[in-house]
$ cat query14.txt   # compact mmCIF, C-alpha atoms
# COMPACT_ATOMS: atom_id res chain seq x y z
CA MET R 1 114.57 88.89 100.08
CA ARG R 2 111.63 90.10 102.17
CA PRO R 3 110.43 93.38 103.62
CA CYS R 4 111.45 93.74 107.24
CA ALA R 5 108.52 92.64 109.38
CA ALA R 6 110.18 94.20 112.41
CA CYS R 7 109.60 97.65 110.84
CA LEU R 8 105.82 97.16 110.73
CA PRO R 9 103.09 97.49 113.33
CA PRO R 10 103.06 94.14 115.25
CA HIS R 11 99.67 93.00 113.95
CA LEU R 12 100.88 93.34 110.32
CA ALA R 13 104.13 91.41 110.65
CA PRO R 14 102.66 87.88 110.45
CA THR R 15 100.69 88.79 107.33
CA LEU R 16 103.81 90.14 105.65
CA ARG R 17 105.92 87.09 106.42
CA VAL R 18 103.34 84.80 104.86
CA GLN R 19 102.52 86.83 101.75
CA ALA R 20 105.70 88.60 100.71
CA GLY R 21 107.99 85.68 99.98
CA SER R 22 109.32 84.76 96.54
CA HIS R 23 106.60 83.26 94.40
CA ALA R 24 107.55 81.52 91.16
CA GLY R 25 104.46 79.38 90.70
CA SER R 26 101.26 80.05 88.84
CA GLU R 27 98.78 79.84 91.71
CA PRO R 28 97.19 83.11 92.85
CA LEU R 29 98.44 84.60 96.10
CA HIS R 30 94.87 85.11 97.22
CA ASP R 31 91.49 83.41 96.80
CA ALA R 32 89.43 85.64 94.53
CA GLU R 33 86.23 84.59 96.35
CA GLU R 34 87.62 85.65 99.70
CA GLN R 35 89.47 88.80 98.78
CA VAL R 36 88.88 91.59 96.31
CA THR R 37 91.55 94.29 96.30
CA SER R 38 90.93 97.33 94.15
CA LEU R 39 92.43 100.70 93.35
CA GLU R 40 90.03 103.36 94.56
CA ALA R 41 92.03 106.17 92.97
CA VAL R 42 95.43 106.94 91.48
CA SER R 43 97.05 110.37 91.38
CA SER R 44 100.50 111.32 90.15
CA PHE R 45 102.84 114.29 90.19
CA ILE R 46 105.28 114.88 87.34
CA PRO R 47 107.76 117.75 87.83
CA SER R 48 107.74 120.27 85.00
CA ASP R 49 111.52 120.72 84.88
CA ARG R 50 113.07 118.60 82.12
CA VAL R 51 116.71 117.58 82.25
CA PRO R 52 118.25 116.01 79.13
CA VAL R 53 119.63 112.55 79.87
CA SER R 54 122.84 113.61 78.14
CA GLU R 55 123.32 116.23 80.86
CA CYS R 56 122.52 113.78 83.66
CA LEU R 57 124.75 111.02 82.26
CA GLY R 58 127.58 113.42 81.46
CA ALA R 59 127.61 114.60 85.07
CA GLN R 60 128.07 110.95 86.11
CA GLY R 61 131.12 110.55 83.86
CA VAL R 62 129.40 108.59 81.07
CA ASN R 63 131.20 109.19 77.77
CA ALA R 64 129.53 110.64 74.67
CA ALA R 65 129.39 107.34 72.78
CA ARG R 66 127.64 105.58 75.65
CA ILE R 67 125.23 108.50 76.08
CA LYS R 68 124.11 107.95 72.47
CA VAL R 69 123.34 104.32 73.35
CA TYR R 70 121.05 105.50 76.16
CA GLU R 71 119.34 107.95 73.81
CA HIS R 72 119.05 106.00 70.55
CA TYR R 73 118.82 102.38 71.70
CA PHE R 74 117.52 102.54 75.26
CA GLY R 75 114.98 105.24 74.40
CA PHE R 76 115.70 107.90 77.03
CA ARG R 77 115.58 111.62 76.18
CA ASP R 78 114.59 113.65 79.26
CA ILE R 79 114.06 113.05 82.93
CA ARG R 80 111.99 115.16 85.31
CA MET R 81 113.51 116.82 88.36
CA ASP R 82 112.15 119.16 91.02
CA GLN R 83 114.87 121.05 92.83
CA GLY R 84 112.32 122.99 94.86
CA ARG R 85 110.68 119.99 96.53
CA GLY R 86 112.17 117.61 99.08
CA PRO R 87 111.12 113.96 99.50
CA ALA R 88 108.00 114.72 101.57
CA GLU R 89 106.91 117.59 99.34
CA LEU R 90 107.25 115.37 96.27
CA LEU R 91 104.94 112.74 97.76
CA LEU R 92 102.51 115.34 99.06
CA ALA R 93 102.23 116.84 95.57
CA ALA R 94 101.18 113.41 94.28
CA THR R 95 98.22 113.33 96.70
CA ALA R 96 96.82 116.64 95.43
CA GLY R 97 94.73 114.92 92.77
CA LEU R 98 93.11 112.41 95.14
CA ALA R 99 89.62 113.89 95.21
CA GLU R 100 88.40 110.55 96.57
CA LEU R 101 90.41 111.14 99.76
CA ARG R 102 88.74 114.45 100.64
CA GLY R 103 86.20 113.97 103.40
CA ARG R 104 87.28 110.35 103.92
CA GLU R 105 90.46 110.96 105.88
CA GLN R 106 89.10 109.05 108.90
CA ASP R 107 88.67 105.96 106.70
CA VAL R 108 92.41 105.76 106.03
CA ARG R 109 93.84 102.98 108.20
CA TYR R 110 97.36 102.77 106.73
CA VAL R 111 99.82 105.08 105.01
CA VAL R 112 102.68 103.24 103.31
CA HIS R 113 105.72 104.60 101.49
CA ALA R 114 106.84 101.92 99.02
CA ARG R 115 110.49 102.78 98.55
CA THR R 116 113.34 101.64 96.34
CA MET R 117 116.09 102.81 98.67
CA PRO R 118 116.29 102.02 102.39
CA LEU R 119 117.06 105.66 103.19
CA VAL R 120 115.44 108.56 101.37
CA ALA R 121 116.04 111.44 103.79
CA PRO R 122 118.57 112.31 106.51
CA TYR R 123 117.72 111.24 110.07
CA PRO R 124 115.45 112.17 111.81
CA ARG R 125 113.28 113.20 108.83
CA SER R 126 110.48 110.79 107.93
CA PRO R 127 108.80 111.83 104.67
CA VAL R 128 105.91 109.39 105.06
CA ARG R 129 105.08 110.72 108.55
CA GLU R 130 105.35 114.29 107.31
CA VAL R 131 102.85 113.50 104.54
CA SER R 132 100.52 111.80 107.03
CA ARG R 133 100.54 114.85 109.31
CA ALA R 134 100.00 117.26 106.41
CA LEU R 135 96.94 115.28 105.24
CA GLY R 136 95.42 114.93 108.72
CA LEU R 137 96.14 111.18 108.83
CA ASP R 138 97.95 111.01 112.18
CA HIS R 139 95.51 108.32 113.30
CA ALA R 140 96.67 105.89 110.58
CA ASN R 141 99.37 103.24 110.95
CA THR R 142 102.35 104.59 109.00
CA PHE R 143 105.34 102.60 107.75
CA CYS R 144 107.63 101.88 104.79
CA LEU R 145 108.36 98.90 102.57
CA SER R 146 111.68 98.84 100.76
CA GLN R 147 113.24 95.42 100.25
CA HIS R 148 111.49 94.72 96.95
CA ALA R 149 113.13 97.95 95.75
CA CYS R 150 111.27 99.28 92.68
CA ALA R 151 108.75 96.43 93.00
CA SER R 152 107.76 97.51 96.53
CA ALA R 153 104.74 99.51 95.32
CA LEU R 154 103.11 96.39 93.87
CA LEU R 155 103.83 94.53 97.09
CA ALA R 156 102.28 97.38 99.10
CA VAL R 157 99.04 97.22 97.08
CA GLU R 158 98.78 93.45 97.62
CA LEU R 159 99.60 93.69 101.32
CA MET R 160 97.16 96.51 102.00
CA GLY R 161 94.29 94.83 100.16
CA ARG R 162 94.92 91.59 102.00
CA THR R 163 95.17 93.35 105.37
CA LEU R 164 91.96 95.36 104.97
CA THR R 165 90.17 92.18 103.87
CA ALA R 166 91.49 90.21 106.86
CA GLU R 167 90.25 92.95 109.17
CA GLY R 168 86.80 92.90 107.55
CA ASP R 169 87.08 96.63 107.01
CA GLU R 170 84.65 97.50 104.22
CA ASP R 171 85.11 101.25 104.64
CA GLY R 172 88.85 101.20 105.25
CA LEU R 173 91.39 102.69 102.88
CA ALA R 174 95.16 102.47 102.59
CA LEU R 175 97.24 105.22 101.04
CA VAL R 176 100.25 103.84 99.15
CA LEU R 177 102.92 106.37 98.14
CA ALA R 178 105.77 105.77 95.68
CA GLY R 179 108.47 108.01 94.28
CA GLU R 180 111.80 109.33 95.50
CA LYS R 181 114.42 111.99 95.00
CA ALA R 182 117.35 111.05 92.78
CA PHE R 183 119.79 112.69 95.16
CA THR R 184 122.88 110.47 94.96
CA SER R 185 125.01 109.20 92.07
CA SER R 186 123.88 105.60 92.56
CA ALA R 187 120.25 106.76 92.67
CA GLN R 188 120.47 108.73 89.42
CA VAL R 189 121.69 106.10 86.97
CA ILE R 190 121.40 102.30 86.85
CA THR R 191 124.15 101.28 84.44
CA ASP R 192 122.82 100.06 81.08
CA THR R 193 119.31 99.93 82.53
CA GLY R 194 117.72 103.28 83.35
CA VAL R 195 118.04 106.95 84.20
CA MET R 196 116.03 107.98 87.25
CA GLY R 197 113.41 110.71 87.39
CA GLU R 198 111.44 112.25 90.25
CA GLY R 199 107.80 111.51 89.43
CA ALA R 200 105.61 110.29 92.31
CA VAL R 201 102.24 108.61 92.80
CA ALA R 202 99.59 108.28 95.49
CA VAL R 203 97.29 105.24 95.32
CA LEU R 204 94.18 104.64 97.42
CA VAL R 205 93.65 100.91 98.00
CA ARG R 206 90.51 99.28 99.37
CA ALA R 207 89.04 95.84 99.95
CA GLY R 208 86.11 95.39 97.63
CA GLY R 209 85.14 97.86 94.96
CA ALA R 210 83.92 97.39 91.40
CA ARG R 211 86.67 99.17 89.43
CA ASN R 212 90.34 98.38 88.97
CA ARG R 213 90.11 95.02 90.72
CA LEU R 214 93.30 93.08 91.37
CA LEU R 215 92.93 89.65 89.77
CA GLY R 216 96.42 88.15 89.99
CA TYR R 217 99.82 88.89 91.53
CA ALA R 218 103.11 87.06 91.15
CA THR R 219 106.55 87.91 92.48
CA HIS R 220 109.87 86.10 92.41
CA THR R 221 113.24 87.05 93.91
CA LEU R 222 116.54 85.88 92.38
CA GLY R 223 118.71 86.34 95.44
CA GLU R 224 121.96 85.50 93.66
CA PHE R 225 121.77 88.99 92.16
CA HIS R 226 121.42 90.71 95.55
CA GLY R 227 124.41 92.97 94.83
CA GLY R 228 122.35 95.18 92.52
CA PRO R 229 124.52 97.95 91.04
CA TRP R 230 127.50 96.63 92.98
CA MET R 231 127.57 93.21 91.31
CA THR R 232 130.74 92.04 89.63
CA ALA R 233 130.92 92.46 85.86
CA GLU R 234 130.45 88.72 85.42
CA ARG R 235 127.40 88.59 87.68
CA ALA R 236 125.90 91.69 86.01
CA ALA R 237 126.30 90.05 82.59
CA GLU R 238 124.55 86.96 83.91
CA PHE R 239 121.70 89.10 85.23
CA GLN R 240 121.26 90.78 81.85
CA GLU R 241 121.06 87.32 80.30
CA VAL R 242 118.36 85.94 82.61
CA TYR R 243 116.39 89.19 83.01
CA PRO R 244 114.03 88.87 80.00
CA GLN R 245 113.09 85.29 80.76
CA ALA R 246 112.61 85.95 84.49
CA LEU R 247 110.34 88.93 83.87
CA ALA R 248 108.37 87.13 81.17
CA GLU R 249 107.83 84.21 83.54
CA VAL R 250 106.47 86.32 86.36
CA MET R 251 104.18 88.13 83.91
CA ARG R 252 102.82 84.79 82.69
CA ASN R 253 102.30 83.67 86.28
CA ALA R 254 100.33 86.79 87.17
CA VAL R 255 98.14 86.37 84.09
CA LYS R 256 97.55 82.70 84.87
CA ALA R 257 96.76 83.55 88.51
CA ALA R 258 94.10 85.91 87.17
CA GLY R 259 92.56 83.06 85.18
CA LEU R 260 93.44 84.75 81.87
CA ASP R 261 95.67 84.34 78.83
CA LEU R 262 98.13 86.92 77.52
CA ASP R 263 95.74 87.58 74.63
CA ASP R 264 93.23 88.86 77.22
CA ILE R 265 95.58 91.66 78.30
CA THR R 266 94.68 94.97 76.68
CA LEU R 267 97.70 96.93 77.90
CA ILE R 268 101.01 96.30 79.65
CA LEU R 269 101.95 99.14 82.00
CA PRO R 270 105.68 98.70 82.52
CA HIS R 271 108.42 100.05 84.71
CA ASN R 272 110.36 102.50 82.54
CA VAL R 273 113.61 100.69 81.91
CA ASN R 274 115.30 100.63 78.56
CA ARG R 275 113.44 99.87 75.34
CA MET R 276 115.88 97.15 74.26
CA SER R 277 115.21 95.04 77.35
CA TRP R 278 111.46 95.25 76.69
CA ALA R 279 111.97 93.97 73.14
CA LYS R 280 113.60 90.86 74.62
CA VAL R 281 110.81 90.38 77.18
CA LEU R 282 108.13 90.58 74.47
CA LYS R 283 110.06 88.03 72.42
CA ASN R 284 110.08 85.67 75.42
CA LEU R 285 106.33 86.16 75.74
CA ALA R 286 105.84 85.54 72.00
CA VAL R 287 104.06 88.91 71.79
CA ARG R 288 104.47 90.50 68.38
CA GLY R 289 104.80 94.24 68.09
CA THR R 290 104.72 96.84 70.87
CA GLU R 291 101.13 98.07 70.46
CA ARG R 292 100.11 96.67 73.85
CA LEU R 293 103.22 97.92 75.66
CA PHE R 294 102.79 101.44 77.05
CA LEU R 295 106.19 103.10 76.59
CA GLU R 296 105.00 106.65 75.95
CA ASN R 297 106.43 107.99 79.21
CA LEU R 298 109.86 106.39 79.02
CA ALA R 299 111.48 109.04 76.83
CA VAL R 300 110.03 112.04 78.64
CA MET R 301 110.34 111.20 82.33
CA GLY R 302 112.77 108.29 82.77
CA HIS R 303 112.47 105.59 85.42
CA CYS R 304 110.65 107.01 88.47
CA PHE R 305 111.57 104.28 90.96
CA GLY R 306 108.45 102.35 92.06
CA ALA R 307 105.99 104.89 90.64
CA ASP R 308 106.31 104.02 86.94
CA ALA R 309 103.46 101.54 86.44
CA PHE R 310 100.96 103.77 88.25
CA ILE R 311 102.07 106.91 86.41
CA ASN R 312 101.68 104.94 83.18
CA TYR R 313 98.20 103.85 84.30
CA GLN R 314 97.07 107.43 84.82
CA THR R 315 98.55 108.57 81.49
CA ALA R 316 96.91 105.65 79.68
CA GLU R 317 93.57 106.56 81.29
CA GLU R 318 93.90 110.17 80.18
CA MET R 319 94.70 109.03 76.63
CA GLY R 320 91.66 106.74 76.49
CA ARG R 321 93.78 103.60 76.19
CA LEU R 322 91.79 101.74 78.87
CA LYS R 323 88.06 101.09 78.85
CA PRO R 324 85.77 99.51 81.46
CA GLY R 325 86.26 95.76 81.47
CA ASP R 326 89.76 95.89 79.98
CA HIS R 327 92.48 93.81 81.65
CA TYR R 328 95.84 95.46 82.19
CA LEU R 329 99.16 94.19 83.51
CA MET R 330 101.54 96.18 85.70
CA THR R 331 105.20 95.20 86.04
CA ALA R 332 108.16 96.15 88.21
CA VAL R 333 111.66 94.83 88.80
CA GLY R 334 113.59 95.80 91.89
CA LEU R 335 117.36 95.60 92.20
CA GLY R 336 118.21 92.68 94.37
CA ALA R 337 116.52 91.14 92.28
CA THR R 338 112.72 90.98 92.63
CA PHE R 339 110.46 90.51 89.61
CA SER R 340 106.76 91.33 90.10
CA ALA R 341 103.59 91.63 88.04
CA MET R 342 99.93 92.38 88.74
CA VAL R 343 96.79 91.98 86.63
CA PHE R 344 93.79 94.27 87.10
CA ARG R 345 90.39 94.56 85.47
CA ARG R 346 89.49 98.16 84.67
$ encode --input "query14.txt" --output "structure tokens"
Amino acid sequence: MRPCAACLPPHLAPTLRVQAGSHAGSEPLHDAEEQVTSLEAVSSFIPSDRVPVSECLGAQGVNAARIKVYEHYFGFRDIRMDQGRGPAELLLAATAGLAELRGREQDVRYVVHARTMPLVAPYPRSPVREVSRALGLDHANTFCLSQHACASALLAVELMGRTLTAEGDEDGLALVLAGEKAFTSSAQVITDTGVMGEGAVAVLVRAGGARNRLLGYATHTLGEFHGGPWMTAERAAEFQEVYPQALAEVMRNAVKAAGLDLDDITLILPHNVNRMSWAKVLKNLAVRGTERLFLENLAVMGHCFGADAFINYQTAEEMGRLKPGDHYLMTAVGLGATFSAMVFRR
């Protein structure tokens, strides 16, 4: 499953076809001596309105006994919603903390909305174009990536770093946006997996840079599970069975691509799916305890589509959990089913 190259500016399509395919091996997707992708800045927006997951699940017809499973075993308590902001306003709020963008608007070459869902607003609205106009970025190439679903944000970081490097653009920046409105029933709850919240992130990506360097990226798509939430019960049970091993494998591959071992990873910044699934992943990785797994946001904001790992990064930074030189691992799994992981050096 690949992002649609036809939706991109023509000069980007060949790059995407080469780099965005399923990758199950342990070789890096880029040569570290030729390309250095880094995160120039990360900013997030977390709505202040808290909605108990019991209220959200009850509205979707989930019975009381199953709601307790989500709360006590999966680890969800509240999600964040913002009834006053639409899709564009949500993303725009995430850019408010990007001090590094102010005065450098002309350096932004690309604005990308990394989406989980193919459609996030009624036609002819285009949230990513509305954000670009509001920020004075009309000159930038603007497009969306969606077919890695919740893993699309990691793909967008890799693609933008590679593209800026290929263009030899030392001053160029790419603005990657992630986060969506949970405005339909299927967008609010992923059965036995997660409850969706409305947090959003804005990430400035550059080629070069000394901080938050991307060292390794791995992604693998298991196309037999393309049905996502519409899979048969038998296929869904099979997916639950292979999920921990598939995610653990792609995490190992990203770490190996970075030239590291799992013991070198200071912190795992996960996508906020249920706590029980993470226990199985850690067991597959032979990682004891959860000290290196950052789950602090799961209970209080739910699964915020593709924004989770970057929201967790910013929270971990604010808590002093990452120090210069630390290696951290971001993960994401998109329905469809794409497993992705990235290793950075702080």
$ residues_around --input "query14.txt" --residues "Thr37 of chain R" --least-positions-apart "6" --cutoff "9 Å" --atoms "only C-alpha atoms" --output "PyMOL selection string"
chain R and resi 157-158+160-162+164-165+205-209+212-215
$ residues_around --input "query14.txt" --residues "Thr290 of chain R" --least-positions-apart "2" --cutoff "10 Å" --atoms "only C-alpha atoms" --output "number ranges by chain"
R: 267-268, 278-279, 282, 287-288, 292-295
$ atom_distance --input "query14.txt" --atom1 "atom CA of Leu155 of chain R" --atom2 "atom CA of Ala309 of chain R"
12.8 Å
$ atom_distance --input "query14.txt" --atom1 "atom CA of Asp107 of chain R" --atom2 "atom CA of Arg211 of chain R"
18.7 Å
$ atom_distance --input "query14.txt" --atom1 "atom CA of Phe225 of chain R" --atom2 "atom CA of Val62 of chain R"
23.8 Å
$ closest_residue --input "query14.txt" --among "R:Asp192, R:Glu241, R:Glu318, R:Glu296" --to "Tyr73 of chain R" --atoms "all atoms listed in the file"
R:Asp192
$ residues_around --input "query14.txt" --residues "Glu55 of chain R" --least-positions-apart "5" --cutoff "12 Å" --atoms "all atoms listed in the file" --output "PyMOL selection string"
chain R and resi 50+60-64+67-68+70-71+76-79+188-189+195
$ closest_residue --input "query14.txt" --among "R:Asp326, R:Asp261, R:Glu291, R:Glu198" --to "Ala94 of chain R" --atoms "all atoms listed in the file"
R:Glu198
$ closest_residue --input "query14.txt" --among "R:Lys181, R:Arg66, R:Arg104, R:Arg346" --to "Ala121 of chain R" --atoms "all atoms listed in the file"
R:Lys181
$ closest_residue --input "query14.txt" --among "R:Ser340, R:Thr331, R:Asn272, R:Ser44" --to "Gly194 of chain R" --atoms "all atoms listed in the file"
R:Asn272
$ closest_residue --input "query14.txt" --among "R:Leu269, R:Ala65, R:Ala88, R:Met301" --to "Arg321 of chain R" --atoms "only C-alpha atoms"
R:Leu269
$ closest_residue --input "query14.txt" --among "R:Val201, R:Ala140, R:Leu98, R:Val120" --to "Ala153 of chain R" --atoms "all atoms listed in the file"
R:Val201
$ residues_near_point --input "query14.txt" --point "(97.9, 113.5, 88.5)" --cutoff "10 Å" --atoms "all atoms listed in the file" --output "list in words"
Val42, Ser43, Ser44, Phe45, Ile46, Ala93, Ala94, Thr95, Ala96, Gly97, Leu98, Ala200, Val201, Ala202, Ile311, Gln314, Thr315 and Glu318 of chain R
$ residues_near_point --input "query14.txt" --point "(118.0, 88.4, 86.7)" --cutoff "7 Å" --atoms "all atoms listed in the file" --output "ChimeraX atom specification"
/R:222,225,239-240,242-243,246,337
$ residues_around --input "query14.txt" --residues "Cys150 of chain R" --least-positions-apart "3" --cutoff "12 Å" --atoms "all atoms listed in the file" --output "PyMOL selection string"
chain R and resi 113-118+145-147+153-156+178-180+187+196+228+270-273+303-309+331-341
$ build_atoms --input "query14.txt" --residues "segment 106-116 of chain R" --atoms "all heavy atoms" --output "PDB file, keeping the file's coordinate frame"
ATOM      1  N   GLN R 106      89.236 109.961 107.760  1.00  0.00           N
ATOM      2  CA  GLN R 106      89.100 109.050 108.900  1.00  0.00           C
ATOM      3  C   GLN R 106      88.987 107.596 108.479  1.00  0.00           C
ATOM      4  O   GLN R 106      89.130 106.696 109.305  1.00  0.00           O
ATOM      5  CB  GLN R 106      87.882 109.455 109.742  1.00  0.00           C
ATOM      6  CG  GLN R 106      88.058 110.757 110.499  1.00  0.00           C
ATOM      7  CD  GLN R 106      89.296 110.740 111.397  1.00  0.00           C
ATOM      8  OE1 GLN R 106      89.510 109.792 112.153  1.00  0.00           O
ATOM      9  NE2 GLN R 106      90.108 111.782 111.313  1.00  0.00           N
ATOM     10  N   ASP R 107      88.747 107.343 107.191  1.00  0.00           N
ATOM     11  CA  ASP R 107      88.670 105.960 106.700  1.00  0.00           C
ATOM     12  C   ASP R 107      90.046 105.385 106.381  1.00  0.00           C
ATOM     13  O   ASP R 107      90.159 104.185 106.110  1.00  0.00           O
ATOM     14  CB  ASP R 107      87.807 105.887 105.439  1.00  0.00           C
ATOM     15  CG  ASP R 107      86.341 106.159 105.724  1.00  0.00           C
ATOM     16  OD1 ASP R 107      85.904 105.928 106.877  1.00  0.00           O
ATOM     17  OD2 ASP R 107      85.631 106.596 104.807  1.00  0.00           O
ATOM     18  N   VAL R 108      91.068 106.232 106.369  1.00  0.00           N
ATOM     19  CA  VAL R 108      92.410 105.760 106.030  1.00  0.00           C
ATOM     20  C   VAL R 108      93.020 105.059 107.244  1.00  0.00           C
ATOM     21  O   VAL R 108      93.234 105.671 108.292  1.00  0.00           O
ATOM     22  CB  VAL R 108      93.313 106.912 105.566  1.00  0.00           C
ATOM     23  CG1 VAL R 108      94.736 106.408 105.296  1.00  0.00           C
ATOM     24  CG2 VAL R 108      92.735 107.556 104.314  1.00  0.00           C
ATOM     25  N   ARG R 109      93.284 103.772 107.097  1.00  0.00           N
ATOM     26  CA  ARG R 109      93.840 102.980 108.200  1.00  0.00           C
ATOM     27  C   ARG R 109      95.366 102.885 108.132  1.00  0.00           C
ATOM     28  O   ARG R 109      96.024 102.721 109.153  1.00  0.00           O
ATOM     29  CB  ARG R 109      93.274 101.561 108.173  1.00  0.00           C
ATOM     30  CG  ARG R 109      91.759 101.469 107.973  1.00  0.00           C
ATOM     31  CD  ARG R 109      90.993 102.040 109.165  1.00  0.00           C
ATOM     32  NE  ARG R 109      89.584 101.747 109.019  1.00  0.00           N
ATOM     33  CZ  ARG R 109      88.615 102.647 108.989  1.00  0.00           C
ATOM     34  NH1 ARG R 109      88.916 103.933 109.113  1.00  0.00           N
ATOM     35  NH2 ARG R 109      87.349 102.283 108.852  1.00  0.00           N
ATOM     36  N   TYR R 110      95.915 102.958 106.916  1.00  0.00           N
ATOM     37  CA  TYR R 110      97.360 102.770 106.730  1.00  0.00           C
ATOM     38  C   TYR R 110      97.877 103.778 105.712  1.00  0.00           C
ATOM     39  O   TYR R 110      97.206 104.095 104.733  1.00  0.00           O
ATOM     40  CB  TYR R 110      97.677 101.361 106.224  1.00  0.00           C
ATOM     41  CG  TYR R 110      97.193 100.264 107.145  1.00  0.00           C
ATOM     42  CD1 TYR R 110      95.962  99.638 106.929  1.00  0.00           C
ATOM     43  CD2 TYR R 110      97.961  99.860 108.230  1.00  0.00           C
ATOM     44  CE1 TYR R 110      95.504  98.655 107.779  1.00  0.00           C
ATOM     45  CE2 TYR R 110      97.518  98.870 109.084  1.00  0.00           C
ATOM     46  CZ  TYR R 110      96.289  98.270 108.857  1.00  0.00           C
ATOM     47  OH  TYR R 110      95.837  97.295 109.709  1.00  0.00           O
ATOM     48  N   VAL R 111      99.088 104.269 105.976  1.00  0.00           N
ATOM     49  CA  VAL R 111      99.820 105.080 105.010  1.00  0.00           C
ATOM     50  C   VAL R 111     101.175 104.405 104.821  1.00  0.00           C
ATOM     51  O   VAL R 111     101.917 104.206 105.799  1.00  0.00           O
ATOM     52  CB  VAL R 111     100.007 106.533 105.479  1.00  0.00           C
ATOM     53  CG1 VAL R 111     100.768 107.333 104.419  1.00  0.00           C
ATOM     54  CG2 VAL R 111      98.661 107.184 105.772  1.00  0.00           C
ATOM     55  N   VAL R 112     101.484 104.030 103.587  1.00  0.00           N
ATOM     56  CA  VAL R 112     102.680 103.240 103.310  1.00  0.00           C
ATOM     57  C   VAL R 112     103.519 103.947 102.250  1.00  0.00           C
ATOM     58  O   VAL R 112     102.993 104.320 101.191  1.00  0.00           O
ATOM     59  CB  VAL R 112     102.316 101.830 102.785  1.00  0.00           C
ATOM     60  CG1 VAL R 112     103.571 100.973 102.665  1.00  0.00           C
ATOM     61  CG2 VAL R 112     101.286 101.164 103.674  1.00  0.00           C
ATOM     62  N   HIS R 113     104.801 104.130 102.525  1.00  0.00           N
ATOM     63  CA  HIS R 113     105.720 104.600 101.490  1.00  0.00           C
ATOM     64  C   HIS R 113     106.461 103.386 100.949  1.00  0.00           C
ATOM     65  O   HIS R 113     107.243 102.754 101.652  1.00  0.00           O
ATOM     66  CB  HIS R 113     106.708 105.620 102.058  1.00  0.00           C
ATOM     67  CG  HIS R 113     107.556 106.264 101.001  1.00  0.00           C
ATOM     68  ND1 HIS R 113     108.668 107.024 101.298  1.00  0.00           N
ATOM     69  CD2 HIS R 113     107.462 106.260  99.635  1.00  0.00           C
ATOM     70  CE1 HIS R 113     109.208 107.463 100.175  1.00  0.00           C
ATOM     71  NE2 HIS R 113     108.490 107.009  99.150  1.00  0.00           N
ATOM     72  N   ALA R 114     106.173 103.044  99.684  1.00  0.00           N
ATOM     73  CA  ALA R 114     106.840 101.920  99.020  1.00  0.00           C
ATOM     74  C   ALA R 114     108.098 102.457  98.359  1.00  0.00           C
ATOM     75  O   ALA R 114     108.036 103.127  97.323  1.00  0.00           O
ATOM     76  CB  ALA R 114     105.900 101.293  98.000  1.00  0.00           C
ATOM     77  N   ARG R 115     109.248 102.132  98.952  1.00  0.00           N
ATOM     78  CA  ARG R 115     110.490 102.780  98.550  1.00  0.00           C
ATOM     79  C   ARG R 115     111.409 101.822  97.810  1.00  0.00           C
ATOM     80  O   ARG R 115     111.378 100.613  97.991  1.00  0.00           O
ATOM     81  CB  ARG R 115     111.221 103.325  99.780  1.00  0.00           C
ATOM     82  CG  ARG R 115     110.379 104.272 100.589  1.00  0.00           C
ATOM     83  CD  ARG R 115     111.136 105.055 101.624  1.00  0.00           C
ATOM     84  NE  ARG R 115     112.067 104.321 102.445  1.00  0.00           N
ATOM     85  CZ  ARG R 115     112.368 104.651 103.705  1.00  0.00           C
ATOM     86  NH1 ARG R 115     111.774 105.702 104.257  1.00  0.00           N
ATOM     87  NH2 ARG R 115     113.233 103.954 104.402  1.00  0.00           N
ATOM     88  N   THR R 116     112.266 102.397  96.991  1.00  0.00           N
ATOM     89  CA  THR R 116     113.340 101.640  96.340  1.00  0.00           C
ATOM     90  C   THR R 116     114.560 101.585  97.242  1.00  0.00           C
ATOM     91  O   THR R 116     115.184 100.545  97.397  1.00  0.00           O
ATOM     92  CB  THR R 116     113.710 102.303  95.001  1.00  0.00           C
ATOM     93  OG1 THR R 116     112.610 102.155  94.111  1.00  0.00           O
ATOM     94  CG2 THR R 116     114.944 101.654  94.392  1.00  0.00           C
TER      95      THR R 116
END
